[in-house]
Amino acid sequence: MTSVLFLCTGNSCRSQMAEGFARHLHAGLPEPASAGIEQHGMNPRTVKVMAEVGVDITGQYSKTTDELGDRHFDVVVTVCDHAREVCPLWPAATRLVHRSFTDPAAADHLGGEEEILVVYRQVRDEIRGWIADLPKELSDHH
């Protein structure tokens, strides 16, 4: 099986959603992980919208790539353009895949909580759809 790291800027929203869905939808994946170029902390709205669809990510935490130590990943998936641009160097055997998603935290200034959560839910659902097809996506990129 393929070990996967989901990487974004702050490891607070998109990469956390991707890790949560990978665990939830693909139990056979060897311990999917997420990290950020920076550490922004877990976004509480991310935890909330994931719980709405039955995915508990309260056991996950925001971390940087430095905190992964020497752990090897077969595939590193960047889920935002900034992470792809500044992605750390990975061993040659690691395959890089890019799939950019809108940053839901960019909606945090919108106003009402419900308006903000609509954006988080849209991004969550896009990520869930992509992660559902992840094994096929990874084999297509092979």
# chains A, B, ... in the order shown; residues from 1 in each chain; ligands from 1
call {"tool": "residues_around", "arguments": {"residues": "Met17 (chain A)", "least_positions_apart": "2", "cutoff": "12 Å", "atoms": "only C-alpha atoms", "output": "count of residues only"}}
result
53
call {"tool": "closest_residue", "arguments": {"among": "A:Gly69, A:Ile116, A:His40, A:Cys80", "to": "Arg99 (chain A)", "atoms": "only C-alpha atoms"}}
result
A:Cys80
call {"tool": "atom_distance", "arguments": {"atom1": "CA of Glu52 (chain A)", "atom2": "CA of Val118 (chain A)"}}
result
12.2 Å
call {"tool": "closest_residue", "arguments": {"among": "A:Thr64, A:Ser3, A:Thr9, A:Gln39", "to": "Ala83 (chain A)", "atoms": "only C-alpha atoms"}}
result
A:Thr9
call {"tool": "select_by_dssp", "arguments": {"residues": "chain A", "states": "strand (DSSP E)", "output": "list in words"}}
result
Val4, Leu5, Phe6, Leu7, Cys8, Ala33, Ser34, Ala35, Gly36, Val75, Val76, Val77, Thr78, Arg95, Leu96, Val97 and His98 of chain A
call {"tool": "select_by_dssp", "arguments": {"residues": "region 3-107 of chain A", "states": "alpha helix (DSSP H)", "output": "PyMOL selection string"}}
result
chain A and resi 14-25+44-52+81-86
call {"tool": "atom_distance", "arguments": {"atom1": "CA of Glu85 (chain A)", "atom2": "CA of Ser100 (chain A)"}}
result
11.6 Å
call {"tool": "residues_around", "arguments": {"residues": "Leu96 (chain A)", "least_positions_apart": "5", "cutoff": "7 Å", "atoms": "only C-alpha atoms", "output": "mmCIF file with N, CA and C atoms, in the first residue's frame"}}
result
data_model
loop_
_atom_site.group_PDB
_atom_site.id
_atom_site.type_symbol
_atom_site.label_atom_id
_atom_site.label_comp_id
_atom_site.auth_asym_id
_atom_site.auth_seq_id
_atom_site.Cartn_x
_atom_site.Cartn_y
_atom_site.Cartn_z
ATOM 1 N N VAL A 75 4.026 9.025 -1.477
ATOM 2 C CA VAL A 75 3.412 10.119 -2.222
ATOM 3 C C VAL A 75 3.251 11.322 -1.295
ATOM 4 N N VAL A 76 3.617 12.503 -1.789
ATOM 5 C CA VAL A 76 3.348 13.760 -1.103
ATOM 6 C C VAL A 76 2.368 14.530 -1.977
ATOM 7 N N VAL A 77 1.202 14.834 -1.398
ATOM 8 C CA VAL A 77 0.165 15.565 -2.123
ATOM 9 C C VAL A 77 0.112 16.983 -1.581
#
call {"tool": "decode", "arguments": {"residues": "region 6-133 of chain A", "atoms": "C-alpha atoms", "output": "compact mmCIF listing (two decimals), in the first residue's frame"}}
result
# COMPACT_ATOMS: atom_id res chain seq x y z
CA PHE A 6 -1.00 15.79 2.59
CA LEU A 7 0.84 19.09 2.65
CA CYS A 8 -0.43 22.68 2.76
CA THR A 9 0.69 26.01 4.12
CA GLY A 10 -0.46 25.94 7.74
CA ASN A 11 -1.80 22.41 8.30
CA SER A 12 -4.98 23.83 9.81
CA CYS A 13 -7.72 23.17 7.21
CA ARG A 14 -7.25 21.49 3.82
CA SER A 15 -4.49 19.02 4.64
CA GLN A 16 -6.28 18.12 7.89
CA MET A 17 -9.50 17.43 5.95
CA ALA A 18 -7.58 15.29 3.44
CA GLU A 19 -5.89 13.29 6.20
CA GLY A 20 -9.22 12.78 7.98
CA PHE A 21 -10.99 11.58 4.84
CA ALA A 22 -8.08 9.32 3.88
CA ARG A 23 -8.34 7.61 7.28
CA HIS A 24 -12.14 7.44 7.11
CA LEU A 25 -12.57 6.31 3.49
CA HIS A 26 -9.44 4.20 2.95
CA ALA A 27 -8.72 2.12 6.01
CA GLY A 28 -6.08 0.19 4.03
CA LEU A 29 -3.82 3.21 3.59
CA PRO A 30 -0.83 2.97 5.87
CA GLU A 31 -1.29 5.82 8.38
CA PRO A 32 -1.94 8.86 6.16
CA ALA A 33 -0.48 12.06 7.54
CA SER A 34 -0.65 15.80 7.06
CA ALA A 35 1.75 18.65 7.71
CA GLY A 36 2.34 22.26 6.84
CA ILE A 37 5.16 24.45 5.71
CA GLU A 38 4.21 26.46 8.81
CA GLN A 39 2.16 25.52 11.89
CA HIS A 40 -1.09 27.47 12.26
CA GLY A 41 -2.93 25.22 14.71
CA MET A 42 -6.13 23.25 14.12
CA ASN A 43 -8.92 25.42 12.77
CA PRO A 44 -12.03 24.81 14.92
CA ARG A 45 -14.34 25.30 11.92
CA THR A 46 -12.49 22.50 10.12
CA VAL A 47 -13.06 20.17 13.06
CA LYS A 48 -16.74 21.19 13.14
CA VAL A 49 -17.53 20.62 9.45
CA MET A 50 -15.70 17.29 9.44
CA ALA A 51 -17.74 16.14 12.45
CA GLU A 52 -20.91 17.06 10.53
CA VAL A 53 -20.12 14.25 8.06
CA GLY A 54 -19.05 11.74 10.72
CA VAL A 55 -15.28 12.22 10.51
CA ASP A 56 -13.61 12.88 13.85
CA ILE A 57 -10.29 14.69 13.43
CA THR A 58 -9.90 15.75 17.06
CA GLY A 59 -6.98 13.33 17.40
CA GLN A 60 -5.07 15.09 14.63
CA TYR A 61 -2.89 18.12 15.30
CA SER A 62 -1.18 20.85 13.32
CA LYS A 63 2.49 20.15 12.62
CA THR A 64 5.28 21.12 10.27
CA THR A 65 7.21 18.85 7.96
CA ASP A 66 10.15 19.09 10.37
CA GLU A 67 8.10 17.24 13.00
CA LEU A 68 7.75 14.21 10.71
CA GLY A 69 11.37 13.28 11.30
CA ASP A 70 12.73 10.69 8.91
CA ARG A 71 9.36 9.15 8.11
CA HIS A 72 9.15 8.04 4.47
CA PHE A 73 6.14 8.75 2.24
CA ASP A 74 5.53 7.15 -1.13
CA VAL A 75 3.41 10.12 -2.22
CA VAL A 76 3.35 13.76 -1.10
CA VAL A 77 0.17 15.56 -2.12
CA THR A 78 0.26 19.36 -2.02
CA VAL A 79 -3.28 20.68 -1.54
CA CYS A 80 -2.51 24.36 -2.06
CA ASP A 81 -0.42 26.31 -4.56
CA HIS A 82 1.80 27.91 -1.90
CA ALA A 83 2.81 24.52 -0.52
CA ARG A 84 3.69 23.32 -4.02
CA GLU A 85 5.86 26.39 -4.61
CA VAL A 86 7.82 26.01 -1.37
CA CYS A 87 7.55 22.24 -0.93
CA PRO A 88 10.56 20.82 0.89
CA LEU A 89 12.81 18.46 -0.97
CA TRP A 90 11.78 14.80 -0.76
CA PRO A 91 13.75 11.70 -1.69
CA ALA A 92 13.71 10.86 -5.39
CA ALA A 93 11.54 7.79 -4.70
CA THR A 94 8.75 10.05 -3.40
CA ARG A 95 6.12 10.94 -5.97
CA LEU A 96 4.72 14.47 -5.81
CA VAL A 97 1.06 15.09 -6.71
CA HIS A 98 -0.61 18.50 -6.72
CA ARG A 99 -4.33 19.16 -6.25
CA SER A 100 -5.12 22.69 -5.15
CA PHE A 101 -8.22 23.49 -3.10
CA THR A 102 -9.54 26.91 -2.06
CA ASP A 103 -8.46 27.98 1.41
CA PRO A 104 -11.67 27.96 3.48
CA ALA A 105 -10.03 30.19 6.12
CA ALA A 106 -10.01 32.98 3.52
CA ALA A 107 -13.78 33.19 4.22
CA ASP A 108 -13.25 33.89 7.92
CA HIS A 109 -13.88 37.60 7.32
CA LEU A 110 -17.23 37.13 5.54
CA GLY A 111 -19.46 38.03 8.43
CA GLY A 112 -21.99 35.58 9.76
CA GLU A 113 -20.87 32.19 11.03
CA GLU A 114 -23.27 30.34 8.73
CA GLU A 115 -21.89 32.15 5.65
CA ILE A 116 -18.38 31.19 6.69
CA LEU A 117 -19.32 27.55 7.32
CA VAL A 118 -20.85 27.30 3.83
CA VAL A 119 -17.36 27.87 2.38
CA TYR A 120 -15.78 25.31 4.73
CA ARG A 121 -18.44 22.77 3.74
CA GLN A 122 -17.87 23.37 0.03
CA VAL A 123 -14.13 22.80 0.38
CA ARG A 124 -14.74 19.78 2.63
CA ASP A 125 -17.02 18.22 0.03
CA GLU A 126 -14.54 18.86 -2.80
CA ILE A 127 -11.77 17.23 -0.78
CA ARG A 128 -14.01 14.28 0.16
CA GLY A 129 -14.83 13.68 -3.53
CA TRP A 130 -11.18 13.77 -4.48
CA ILE A 131 -10.06 11.56 -1.59
CA ALA A 132 -12.81 9.04 -2.43
CA ASP A 133 -11.06 8.55 -5.79
